[in-house]
$ cat target-v3.cif   # mmCIF, C-alpha atoms
data_coords
loop_
_atom_site.group_PDB
_atom_site.id
_atom_site.type_symbol
_atom_site.label_atom_id
_atom_site.label_comp_id
_atom_site.auth_asym_id
_atom_site.auth_seq_id
_atom_site.Cartn_x
_atom_site.Cartn_y
_atom_site.Cartn_z
ATOM 1 C CA MET W 23 0.000 0.000 0.000
ATOM 2 C CA ASN W 24 1.286 3.429 -0.962
ATOM 3 C CA SER W 25 0.284 6.892 0.139
ATOM 4 C CA MET W 26 -0.304 9.509 -2.550
ATOM 5 C CA THR W 27 1.811 12.051 -0.668
ATOM 6 C CA GLY W 28 5.535 12.070 -1.321
ATOM 7 C CA TYR W 29 8.637 13.955 -2.422
ATOM 8 C CA GLY W 30 11.806 13.017 -4.250
ATOM 9 C CA ARG W 31 14.865 15.005 -5.326
ATOM 10 C CA ALA W 32 18.039 14.173 -7.231
ATOM 11 C CA THR W 33 20.930 16.129 -8.748
ATOM 12 C CA ALA W 34 23.549 15.510 -11.413
ATOM 13 C CA THR W 35 26.484 17.385 -12.910
ATOM 14 C CA LEU W 36 25.953 18.790 -16.388
ATOM 15 C CA GLY W 37 29.289 20.222 -17.479
ATOM 16 C CA THR W 38 29.878 23.201 -15.198
ATOM 17 C CA GLN W 39 26.195 23.321 -14.216
ATOM 18 C CA THR W 40 23.955 21.368 -11.854
ATOM 19 C CA LEU W 41 20.851 19.498 -12.988
ATOM 20 C CA THR W 42 18.159 19.205 -10.310
ATOM 21 C CA VAL W 43 14.983 17.122 -10.614
ATOM 22 C CA GLN W 44 12.252 17.417 -7.984
ATOM 23 C CA VAL W 45 9.074 15.327 -7.911
ATOM 24 C CA ASN W 46 6.231 15.867 -5.448
ATOM 25 C CA SER W 47 2.758 14.352 -5.222
ATOM 26 C CA VAL W 48 -0.424 14.980 -3.240
ATOM 27 C CA ASN W 49 -3.923 13.504 -3.179
ATOM 28 C CA ARG W 50 -6.056 13.371 -6.320
ATOM 29 C CA ARG W 51 -8.759 10.925 -7.456
ATOM 30 C CA GLY W 52 -6.901 10.163 -10.675
ATOM 31 C CA LEU W 53 -3.423 10.865 -12.042
ATOM 32 C CA ASP W 54 -2.854 14.582 -12.675
ATOM 33 C CA LEU W 55 0.672 15.068 -14.017
ATOM 34 C CA SER W 56 2.395 18.385 -14.714
ATOM 35 C CA ILE W 57 5.980 18.751 -15.970
ATOM 36 C CA SER W 58 8.216 21.828 -15.948
ATOM 37 C CA LEU W 59 11.232 21.581 -18.264
ATOM 38 C CA PRO W 60 13.763 24.079 -19.685
ATOM 39 C CA ASP W 61 12.767 25.263 -23.147
ATOM 40 C CA GLU W 62 15.588 23.340 -24.837
ATOM 41 C CA TRP W 63 14.348 20.045 -23.315
ATOM 42 C CA GLN W 64 10.666 20.181 -24.195
ATOM 43 C CA THR W 65 11.158 17.209 -26.542
ATOM 44 C CA HIS W 66 11.837 15.043 -23.473
ATOM 45 C CA GLU W 67 8.424 15.724 -21.915
ATOM 46 C CA SER W 68 6.872 12.532 -23.269
ATOM 47 C CA ALA W 69 9.699 10.343 -21.939
ATOM 48 C CA VAL W 70 9.519 12.046 -18.539
ATOM 49 C CA GLY W 71 5.753 11.451 -18.398
ATOM 50 C CA ASP W 72 6.155 7.766 -19.297
ATOM 51 C CA ALA W 73 8.721 7.307 -16.528
ATOM 52 C CA VAL W 74 6.386 8.825 -13.938
ATOM 53 C CA ARG W 75 3.390 6.734 -15.049
ATOM 54 C CA LYS W 76 5.354 3.519 -14.560
ATOM 55 C CA LEU W 77 5.568 4.302 -10.846
ATOM 56 C CA VAL W 78 2.483 6.371 -10.037
ATOM 57 C CA GLN W 79 -1.161 5.471 -10.690
ATOM 58 C CA ARG W 80 -2.954 8.161 -8.646
ATOM 59 C CA GLY W 81 -2.185 11.622 -7.291
ATOM 60 C CA LYS W 82 -1.400 15.127 -8.413
ATOM 61 C CA VAL W 83 2.249 14.856 -9.446
ATOM 62 C CA HIS W 84 4.542 17.727 -10.396
ATOM 63 C CA VAL W 85 7.975 17.242 -11.949
ATOM 64 C CA ALA W 86 10.297 20.263 -11.890
ATOM 65 C CA VAL W 87 13.587 20.181 -13.809
ATOM 66 C CA GLU W 88 16.077 22.999 -13.252
ATOM 67 C CA VAL W 89 19.638 23.706 -14.409
ATOM 68 C CA THR W 90 21.660 26.130 -12.313
ATOM 69 C CA GLY W 91 25.185 27.539 -12.435
ATOM 70 C CA GLN W 92 27.227 29.223 -15.144
ATOM 71 C CA PRO W 93 27.673 27.397 -18.449
ATOM 72 C CA ALA W 94 31.153 26.751 -19.758
ATOM 73 C CA ALA W 95 32.420 29.571 -21.945
ATOM 74 C CA ALA W 96 32.174 28.843 -25.640
ATOM 75 C CA ILE W 97 35.274 29.243 -27.795
ATOM 76 C CA GLY W 98 35.306 31.765 -30.652
ATOM 77 C CA TRP W 99 32.689 34.190 -31.925
ATOM 78 C CA ASP W 100 31.453 35.760 -35.140
ATOM 79 C CA GLN W 101 33.673 38.820 -35.705
ATOM 80 C CA ASN W 102 31.486 40.153 -38.511
ATOM 81 C CA ALA W 103 28.391 40.001 -36.321
ATOM 82 C CA LEU W 104 30.301 41.671 -33.467
ATOM 83 C CA THR W 105 31.474 44.493 -35.764
ATOM 84 C CA ALA W 106 27.961 45.018 -37.142
ATOM 85 C CA THR W 107 26.531 45.224 -33.624
ATOM 86 C CA LEU W 108 29.120 47.809 -32.542
ATOM 87 C CA ASP W 109 28.416 49.883 -35.651
ATOM 88 C CA GLN W 110 24.697 49.865 -34.878
ATOM 89 C CA LEU W 111 25.319 50.881 -31.264
ATOM 90 C CA THR W 112 27.626 53.714 -32.393
ATOM 91 C CA LYS W 113 25.053 55.082 -34.856
ATOM 92 C CA PHE W 114 22.280 54.840 -32.279
ATOM 93 C CA ALA W 115 24.378 56.708 -29.690
ATOM 94 C CA ARG W 116 25.104 59.514 -32.179
ATOM 95 C CA THR W 117 21.420 59.976 -33.039
ATOM 96 C CA LYS W 118 20.657 60.285 -29.307
ATOM 97 C CA HIS W 119 23.702 62.529 -28.671
ATOM 98 C CA ILE W 120 25.143 60.031 -26.217
ATOM 99 C CA ASN W 121 28.873 59.720 -25.595
ATOM 100 C CA PHE W 122 29.701 56.182 -26.632
ATOM 101 C CA GLU W 123 32.983 54.416 -25.924
ATOM 102 C CA VAL W 124 33.838 50.820 -26.723
ATOM 103 C CA THR W 125 35.379 49.075 -23.724
ATOM 104 C CA GLY W 126 36.731 45.603 -23.160
ATOM 105 C CA GLU W 127 33.797 44.776 -20.871
ATOM 106 C CA LEU W 128 31.314 45.801 -23.558
ATOM 107 C CA LEU W 129 33.064 43.712 -26.207
ATOM 108 C CA TRP W 130 33.047 40.673 -23.907
ATOM 109 C CA ALA W 131 29.342 41.087 -23.079
ATOM 110 C CA ILE W 132 28.310 41.364 -26.731
ATOM 111 C CA ALA W 133 30.551 38.491 -27.821
ATOM 112 C CA SER W 134 29.239 36.216 -25.038
ATOM 113 C CA ALA W 135 25.628 37.000 -25.906
ATOM 114 C CA GLN W 136 26.212 36.269 -29.585
ATOM 115 C CA ARG W 137 27.877 32.941 -28.805
ATOM 116 C CA GLY W 138 24.599 31.782 -27.201
ATOM 117 C CA GLY W 139 26.554 30.224 -24.349
ATOM 118 C CA SER W 140 23.475 30.083 -22.098
ATOM 119 C CA LYS W 141 21.681 27.478 -24.192
ATOM 120 C CA LEU W 142 21.502 23.948 -22.787
ATOM 121 C CA PRO W 143 22.696 20.969 -24.790
ATOM 122 C CA ALA W 144 19.819 18.896 -26.157
ATOM 123 C CA ASP W 145 21.606 15.806 -27.441
ATOM 124 C CA ALA W 146 20.830 12.157 -26.679
ATOM 125 C CA GLU W 147 23.478 11.976 -23.937
ATOM 126 C CA THR W 148 21.878 14.880 -22.094
ATOM 127 C CA GLY W 149 18.444 13.273 -22.439
ATOM 128 C CA ALA W 150 19.782 10.053 -20.928
ATOM 129 C CA LEU W 151 21.247 12.003 -17.994
ATOM 130 C CA LEU W 152 17.896 13.720 -17.441
ATOM 131 C CA LEU W 153 16.018 10.413 -17.318
ATOM 132 C CA LYS W 154 18.632 8.851 -15.018
ATOM 133 C CA THR W 155 18.352 11.748 -12.579
ATOM 134 C CA LEU W 156 14.550 11.601 -12.813
ATOM 135 C CA GLY W 157 14.695 7.889 -11.958
ATOM 136 C CA GLN W 158 16.642 8.677 -8.781
ATOM 137 C CA ALA W 159 14.099 11.318 -7.774
ATOM 138 C CA LEU W 160 11.227 8.916 -8.467
ATOM 139 C CA ARG W 161 12.815 6.273 -6.258
ATOM 140 C CA GLY W 162 12.913 8.805 -3.448
ATOM 141 C CA LEU W 163 9.278 9.664 -4.088
ATOM 142 C CA GLY W 164 8.305 5.996 -4.106
ATOM 143 C CA ALA W 165 10.167 5.292 -0.860
ATOM 144 C CA MET W 166 8.401 8.140 0.911
ATOM 145 C CA ARG W 167 4.978 7.088 -0.404
ATOM 146 C CA ALA W 168 5.619 3.480 0.661
ATOM 147 C CA LYS W 169 6.730 4.480 4.163
ATOM 148 C CA GLU W 170 3.633 6.575 4.739
ATOM 149 C CA GLY W 171 1.546 3.768 3.251
ATOM 150 C CA GLU W 172 2.883 1.387 5.916
ATOM 151 C CA ALA W 173 1.745 3.766 8.651
ATOM 152 C CA LEU W 174 -1.695 4.046 7.050
ATOM 153 C CA LEU W 175 -1.975 0.257 6.829
ATOM 154 C CA VAL W 176 -1.365 -0.129 10.560
ATOM 155 C CA ASP W 177 -4.108 2.406 11.237
ATOM 156 C CA PHE W 178 -6.516 0.715 8.811
ATOM 157 C CA LEU W 179 -6.029 -2.721 10.320
ATOM 158 C CA GLY W 180 -6.757 -1.413 13.805
ATOM 159 C CA ARG W 181 -9.947 0.265 12.638
ATOM 160 C CA TRP W 182 -10.924 -2.805 10.597
ATOM 161 C CA GLU W 183 -10.826 -4.880 13.777
ATOM 162 C CA LYS W 184 -13.270 -2.465 15.393
ATOM 163 C CA LEU W 185 -15.643 -2.748 12.425
ATOM 164 C CA HIS W 186 -15.399 -6.535 12.516
ATOM 165 C CA SER W 187 -16.096 -6.630 16.258
ATOM 166 C CA ALA W 188 -19.117 -4.361 15.840
ATOM 167 C CA VAL W 189 -20.588 -6.602 13.130
ATOM 168 C CA GLU W 190 -20.153 -9.703 15.300
ATOM 169 C CA ALA W 191 -21.777 -7.918 18.238
ATOM 170 C CA ILE W 192 -24.724 -6.998 16.013
ATOM 171 C CA ALA W 193 -24.950 -10.581 14.722
ATOM 172 C CA HIS W 194 -25.024 -11.866 18.306
ATOM 173 C CA ARG W 195 -27.713 -9.395 19.359
ATOM 174 C CA ALA W 196 -29.975 -9.605 16.294
ATOM 175 C CA PRO W 197 -31.679 -12.971 17.105
ATOM 176 C CA GLN W 198 -32.690 -11.634 20.515
ATOM 177 C CA ILE W 199 -34.644 -8.642 19.208
ATOM 178 C CA SER W 200 -37.948 -10.426 18.562
ATOM 179 C CA GLY W 201 -37.933 -12.005 22.041
ATOM 180 C CA VAL W 202 -37.314 -8.632 23.670
ATOM 181 C CA TYR W 203 -40.078 -7.096 21.593
ATOM 182 C CA LYS W 204 -42.512 -9.852 22.615
ATOM 183 C CA GLU W 205 -41.844 -9.207 26.306
ATOM 184 C CA GLN W 206 -42.247 -5.465 25.840
ATOM 185 C CA LEU W 207 -45.496 -6.021 23.913
ATOM 186 C CA LEU W 208 -46.959 -8.215 26.658
ATOM 187 C CA GLN W 209 -45.933 -5.687 29.300
ATOM 188 C CA ARG W 210 -47.730 -2.932 27.446
ATOM 189 C CA LEU W 211 -50.823 -5.093 27.066
ATOM 190 C CA ARG W 212 -50.846 -5.880 30.769
ATOM 191 C CA ALA W 213 -50.355 -2.231 31.624
ATOM 192 C CA ALA W 214 -53.422 -1.487 29.493
ATOM 193 C CA GLY W 215 -55.427 -4.101 31.402
ATOM 194 C CA LEU W 216 -55.372 -6.673 28.596
ATOM 195 C CA GLU W 217 -54.292 -10.121 29.630
ATOM 196 C CA LEU W 218 -53.331 -12.143 26.567
ATOM 197 C CA ASP W 219 -51.597 -15.488 26.524
ATOM 198 C CA VAL W 220 -48.147 -15.556 24.917
ATOM 199 C CA ARG W 221 -49.551 -18.207 22.576
ATOM 200 C CA ASP W 222 -52.391 -15.984 21.460
ATOM 201 C CA GLU W 223 -52.524 -15.875 17.680
ATOM 202 C CA ARG W 224 -52.651 -12.101 17.616
ATOM 203 C CA VAL W 225 -49.535 -11.825 19.766
ATOM 204 C CA LEU W 226 -47.657 -14.381 17.709
ATOM 205 C CA LYS W 227 -48.644 -12.638 14.464
ATOM 206 C CA GLU W 228 -47.521 -9.229 15.732
ATOM 207 C CA VAL W 229 -44.193 -10.625 16.928
ATOM 208 C CA ALA W 230 -43.681 -12.447 13.617
ATOM 209 C CA LEU W 231 -44.318 -9.249 11.630
ATOM 210 C CA PHE W 232 -41.921 -7.318 13.834
ATOM 211 C CA ALA W 233 -39.251 -10.006 13.499
ATOM 212 C CA ASP W 234 -39.588 -9.907 9.727
ATOM 213 C CA ARG W 235 -39.262 -6.124 9.619
ATOM 214 C CA CYS W 236 -36.206 -6.208 11.882
ATOM 215 C CA ASP W 237 -34.423 -9.126 10.231
ATOM 216 C CA VAL W 238 -30.883 -7.969 9.335
ATOM 217 C CA SER W 239 -29.350 -11.379 8.605
ATOM 218 C CA GLU W 240 -28.837 -10.571 4.900
ATOM 219 C CA GLU W 241 -27.180 -7.262 5.719
ATOM 220 C CA ILE W 242 -24.866 -8.966 8.218
ATOM 221 C CA THR W 243 -23.880 -11.566 5.620
ATOM 222 C CA ARG W 244 -23.037 -8.852 3.084
ATOM 223 C CA LEU W 245 -21.161 -6.825 5.688
ATOM 224 C CA ARG W 246 -19.008 -9.801 6.573
ATOM 225 C CA SER W 247 -18.289 -10.363 2.899
ATOM 226 C CA HIS W 248 -17.390 -6.711 2.250
ATOM 227 C CA LEU W 249 -15.171 -6.538 5.324
ATOM 228 C CA GLY W 250 -13.399 -9.722 4.264
ATOM 229 C CA GLN W 251 -12.735 -8.274 0.817
ATOM 230 C CA LEU W 252 -11.505 -5.014 2.358
ATOM 231 C CA ARG W 253 -9.097 -6.855 4.653
ATOM 232 C CA GLU W 254 -7.720 -8.839 1.719
ATOM 233 C CA LEU W 255 -7.412 -5.716 -0.426
ATOM 234 C CA LEU W 256 -5.463 -3.824 2.227
ATOM 235 C CA GLY W 257 -2.758 -6.479 2.082
ATOM 236 C CA THR W 258 -2.195 -6.213 -1.679
ATOM 237 C CA ASP W 259 0.262 -4.110 -3.669
ATOM 238 C CA GLY W 260 -0.561 -1.677 -6.450
ATOM 239 C CA GLU W 261 -3.586 0.577 -6.650
ATOM 240 C CA VAL W 262 -5.800 0.074 -3.603
ATOM 241 C CA GLY W 263 -7.616 3.361 -3.090
ATOM 242 C CA ARG W 264 -10.333 3.173 -5.754
ATOM 243 C CA LYS W 265 -11.412 -0.369 -4.865
ATOM 244 C CA ALA W 266 -11.342 0.425 -1.167
ATOM 245 C CA GLU W 267 -13.520 3.499 -1.693
ATOM 246 C CA PHE W 268 -16.097 1.355 -3.476
ATOM 247 C CA LEU W 269 -16.116 -1.263 -0.721
ATOM 248 C CA LEU W 270 -16.449 1.406 1.958
ATOM 249 C CA GLN W 271 -19.411 2.847 0.102
ATOM 250 C CA GLU W 272 -21.121 -0.557 0.076
ATOM 251 C CA ILE W 273 -20.275 -1.140 3.727
ATOM 252 C CA GLY W 274 -21.833 2.217 4.559
ATOM 253 C CA ARG W 275 -25.058 1.254 2.808
ATOM 254 C CA GLU W 276 -25.377 -2.033 4.702
ATOM 255 C CA ILE W 277 -24.727 -0.563 8.142
ATOM 256 C CA HIS W 278 -27.205 2.240 7.427
ATOM 257 C CA THR W 279 -29.859 -0.336 6.545
ATOM 258 C CA ILE W 280 -29.168 -2.251 9.735
ATOM 259 C CA GLY W 281 -29.543 0.928 11.762
ATOM 260 C CA SER W 282 -32.860 1.670 10.067
ATOM 261 C CA LYS W 283 -34.307 -1.844 10.488
ATOM 262 C CA ALA W 284 -33.044 -3.163 13.803
ATOM 263 C CA ASN W 285 -35.129 -0.986 16.164
ATOM 264 C CA ASP W 286 -32.919 -1.975 19.099
ATOM 265 C CA LEU W 287 -30.895 0.258 21.426
ATOM 266 C CA ALA W 288 -27.922 -2.100 21.753
ATOM 267 C CA ILE W 289 -27.630 -2.481 17.977
ATOM 268 C CA ALA W 290 -28.125 1.266 17.479
ATOM 269 C CA GLN W 291 -25.123 1.931 19.724
ATOM 270 C CA GLN W 292 -22.996 -0.503 17.712
ATOM 271 C CA VAL W 293 -24.139 1.121 14.468
ATOM 272 C CA ILE W 294 -23.108 4.571 15.720
ATOM 273 C CA GLU W 295 -19.634 3.351 16.692
ATOM 274 C CA PHE W 296 -19.350 1.489 13.392
ATOM 275 C CA LYS W 297 -20.207 4.621 11.393
ATOM 276 C CA ASN W 298 -17.685 6.710 13.320
ATOM 277 C CA GLU W 299 -14.867 4.296 12.551
ATOM 278 C CA LEU W 300 -16.016 3.938 8.955
ATOM 279 C CA GLU W 301 -15.867 7.698 8.448
ATOM 280 C CA ARG W 302 -12.336 7.802 9.829
ATOM 281 C CA ILE W 303 -11.301 5.096 7.374
ATOM 282 C CA ARG W 304 -12.944 6.991 4.507
ATOM 283 C CA GLU W 305 -10.976 10.110 5.363
ATOM 284 C CA GLN W 306 -7.700 8.190 5.436
ATOM 285 C CA ILE W 307 -8.349 6.092 2.325
ATOM 286 C CA ALA W 308 -8.416 9.358 0.361
ATOM 287 C CA ASN W 309 -4.619 9.412 0.949
ATOM 288 C CA VAL W 310 -4.058 5.949 -0.512
ATOM 289 C CA GLU W 311 -2.961 5.296 -4.087
#
$ encode --input "target-v3.cif" --output "structure tokens"
Amino acid sequence: MNSMTGYGRATATLGTQTLTVQVNSVNRRGLDLSISLPDEWQTHESAVGDAVRKLVQRGKVHVAVEVTGQPAAAIGWDQNALTATLDQLTKFARTKHINFEVTGELLWAIASAQRGGSKLPADAETGALLLKTLGQALRGLGAMRAKEGEALLVDFLGRWEKLHSAVEAIAHRAPQISGVYKEQLLQRLRAAGLELDVRDERVLKEVALFADRCDVSEEITRLRSHLGQLRELLGTDGEVGRKAEFLLQEIGREIHTIGSKANDLAIAQQVIEFKNELERIREQIANVE
């Protein structure tokens, strides 16, 4: 089981510069991937996306690629282009009546700009380095998501035990409801001055109707099945969240039906506790991939 929250970072040396890849993810129902690359590396976006999708199935994932530091100085420059630029600057200064003097610093600045030294290499070797560094960052992301997933699993298993115990308590109490109702019915009849035998047809019919209305045996059977599937699912690898959300929805329906039908204080108390734990699981399962 993996959480959808995680962070990974990796760096590599690119000539005289540093390549940094950061990957972070947060909760999202599906996979929402965004990628930020330098302009020269936009052609690698598809490969970066494929690498992320191999590891991540759900979550809002952002990949940020950054290159920092000064690039290595390029050798040589276009003297004709440099001369033409200086001529244009000289003419412009004259038209604006500005004193213009060519200095060594100015020549170096113009020559460096014309060499295009700030552009990043976009060859196959650089692309391979990018993907290698991304792989390291993704491993960090995966390790963090797995570690948090382990903590969530421990919490889920503890809460699952509470749900299981509540269902068994309801199953134990359910057969007793009709007997309790019969005693309460006879007490009310006696209080009203009506003495009826427990074997009176009218009493038996009323108790039978009540028992039928309050029968939750089918709901208990389905709850046990859903809880068993949930417990098995929590122990599997891969995408768990979507299936778990569906099972929790079905579990919620069954326990709601039991609460509506049972008409018994002891079962009502178990239903309330069950719903509280179920809601806590629902909130946490939203963090699971």
$ residues_around --input "target-v3.cif" --residues "Gln306 in chain W" --least-positions-apart "3" --cutoff "9 Å" --atoms "only C-alpha atoms" --output "list of chain:residue names"
W:Leu174, W:Asp177, W:Phe178, W:Glu301, W:Arg302, W:Ile303, W:Asn309, W:Val310
$ residues_around --input "target-v3.cif" --residues "Glu299 in chain W" --least-positions-apart "3" --cutoff "8 Å" --atoms "all atoms listed in the file" --output "PDB file with C-alpha atoms, in the coordinates of the input"
ATOM      1  CA  ARG W 181      -9.947   0.265  12.638  1.00  0.00           C
ATOM      2  CA  LYS W 184     -13.270  -2.465  15.393  1.00  0.00           C
ATOM      3  CA  LEU W 185     -15.643  -2.748  12.425  1.00  0.00           C
ATOM      4  CA  GLU W 295     -19.634   3.351  16.692  1.00  0.00           C
ATOM      5  CA  PHE W 296     -19.350   1.489  13.392  1.00  0.00           C
ATOM      6  CA  ARG W 302     -12.336   7.802   9.829  1.00  0.00           C
ATOM      7  CA  ILE W 303     -11.301   5.096   7.374  1.00  0.00           C
TER       8      ILE W 303
END
$ atom_distance --input "target-v3.cif" --atom1 "CA of Gly250 in chain W" --atom2 "CA of Glu190 in chain W"
12.9 Å
$ residues_around --input "target-v3.cif" --residues "Leu59 in chain W" --least-positions-apart "5" --cutoff "12 Å" --atoms "all atoms listed in the file" --output "PyMOL selection string"
chain W and resi 41-44+64-71+84-89+142+144+149+152+156
$ write_last_selection --input "target-v3.cif" --atoms "C-alpha atoms" --output "PDB file, in the frame of the given file"
ATOM      1  CA  LEU W  41      20.851  19.498 -12.988  1.00  0.00           C
ATOM      2  CA  THR W  42      18.159  19.205 -10.310  1.00  0.00           C
ATOM      3  CA  VAL W  43      14.983  17.122 -10.614  1.00  0.00           C
ATOM      4  CA  GLN W  44      12.252  17.417  -7.984  1.00  0.00           C
ATOM      5  CA  GLN W  64      10.666  20.181 -24.195  1.00  0.00           C
ATOM      6  CA  THR W  65      11.158  17.209 -26.542  1.00  0.00           C
ATOM      7  CA  HIS W  66      11.837  15.043 -23.473  1.00  0.00           C
ATOM      8  CA  GLU W  67       8.424  15.724 -21.915  1.00  0.00           C
ATOM      9  CA  SER W  68       6.872  12.532 -23.269  1.00  0.00           C
ATOM     10  CA  ALA W  69       9.699  10.343 -21.939  1.00  0.00           C
ATOM     11  CA  VAL W  70       9.519  12.046 -18.539  1.00  0.00           C
ATOM     12  CA  GLY W  71       5.753  11.451 -18.398  1.00  0.00           C
ATOM     13  CA  HIS W  84       4.542  17.727 -10.396  1.00  0.00           C
ATOM     14  CA  VAL W  85       7.975  17.242 -11.949  1.00  0.00           C
ATOM     15  CA  ALA W  86      10.297  20.263 -11.890  1.00  0.00           C
ATOM     16  CA  VAL W  87      13.587  20.181 -13.809  1.00  0.00           C
ATOM     17  CA  GLU W  88      16.077  22.999 -13.252  1.00  0.00           C
ATOM     18  CA  VAL W  89      19.638  23.706 -14.409  1.00  0.00           C
ATOM     19  CA  LEU W 142      21.502  23.948 -22.787  1.00  0.00           C
ATOM     20  CA  ALA W 144      19.819  18.896 -26.157  1.00  0.00           C
ATOM     21  CA  GLY W 149      18.444  13.273 -22.439  1.00  0.00           C
ATOM     22  CA  LEU W 152      17.896  13.720 -17.441  1.00  0.00           C
ATOM     23  CA  LEU W 156      14.550  11.601 -12.813  1.00  0.00           C
TER      24      LEU W 156
END
$ closest_residue --input "target-v3.cif" --among "W:Ala288, W:Arg116, W:Arg167, W:Glu147" --to "Ile199 in chain W" --atoms "all atoms listed in the file"
W:Ala288
$ residues_around --input "target-v3.cif" --residues "His194 in chain W" --least-positions-apart "5" --cutoff "12 Å" --atoms "only C-alpha atoms" --output "MDAnalysis selection string"
chainID W and resid 187:189 199 238:239 242 288:289 292
$ resolve_selection --input "target-v3.cif" --expression "the PyMOL selection byres ((chain W and resi 264-266) around 10)" --output "ChimeraX atom specification"
/W:51-52,80,248,251-253,255-256,261-263,267-272,303-304,307-308,310-311
$ resolve_selection --input "target-v3.cif" --expression "the PyMOL selection byres ((chain W and resi 279) around 12)" --output "number ranges by chain"
W: 235-242, 244-245, 272-278, 280-285, 289-290, 293, 297
$ residues_near_point --input "target-v3.cif" --point "(-2.3, 13.9, -11.6)" --cutoff "7 Å" --atoms "only C-alpha atoms" --output "mmCIF file with C-alpha atoms, in the coordinates of the input"
data_model
loop_
_atom_site.group_PDB
_atom_site.id
_atom_site.type_symbol
_atom_site.label_atom_id
_atom_site.label_comp_id
_atom_site.auth_asym_id
_atom_site.auth_seq_id
_atom_site.Cartn_x
_atom_site.Cartn_y
_atom_site.Cartn_z
ATOM 1 C CA ARG W 50 -6.056 13.371 -6.320
ATOM 2 C CA GLY W 52 -6.901 10.163 -10.675
ATOM 3 C CA LEU W 53 -3.423 10.865 -12.042
ATOM 4 C CA ASP W 54 -2.854 14.582 -12.675
ATOM 5 C CA LEU W 55 0.672 15.068 -14.017
ATOM 6 C CA ARG W 80 -2.954 8.161 -8.646
ATOM 7 C CA GLY W 81 -2.185 11.622 -7.291
ATOM 8 C CA LYS W 82 -1.400 15.127 -8.413
ATOM 9 C CA VAL W 83 2.249 14.856 -9.446
#
$ resolve_selection --input "target-v3.cif" --expression "the PyMOL selection byres ((chain W and resi 157-166) around 10)" --output "PyMOL selection string"
chain W and resi 24-33+42-47+70+73-74+77-78+85+151-156+167-171
$ atom_distance --input "target-v3.cif" --atom1 "CA of Asn298 in chain W" --atom2 "CA of Thr243 in chain W"
20.8 Å
$ atom_distance --input "target-v3.cif" --atom1 "CA of Thr148 in chain W" --atom2 "CA of Trp130 in chain W"
28.2 Å
$ closest_residue --input "target-v3.cif" --among "W:Asp145, W:Glu183, W:Glu172, W:Asp61" --to "Leu249 in chain W" --atoms "all atoms listed in the file"
W:Glu183
$ residues_around --input "target-v3.cif" --residues "Glu123 in chain W" --least-positions-apart "6" --cutoff "12 Å" --atoms "only C-alpha atoms" --output "ChimeraX atom specification"
/W:108-109,111-113,115-116,129
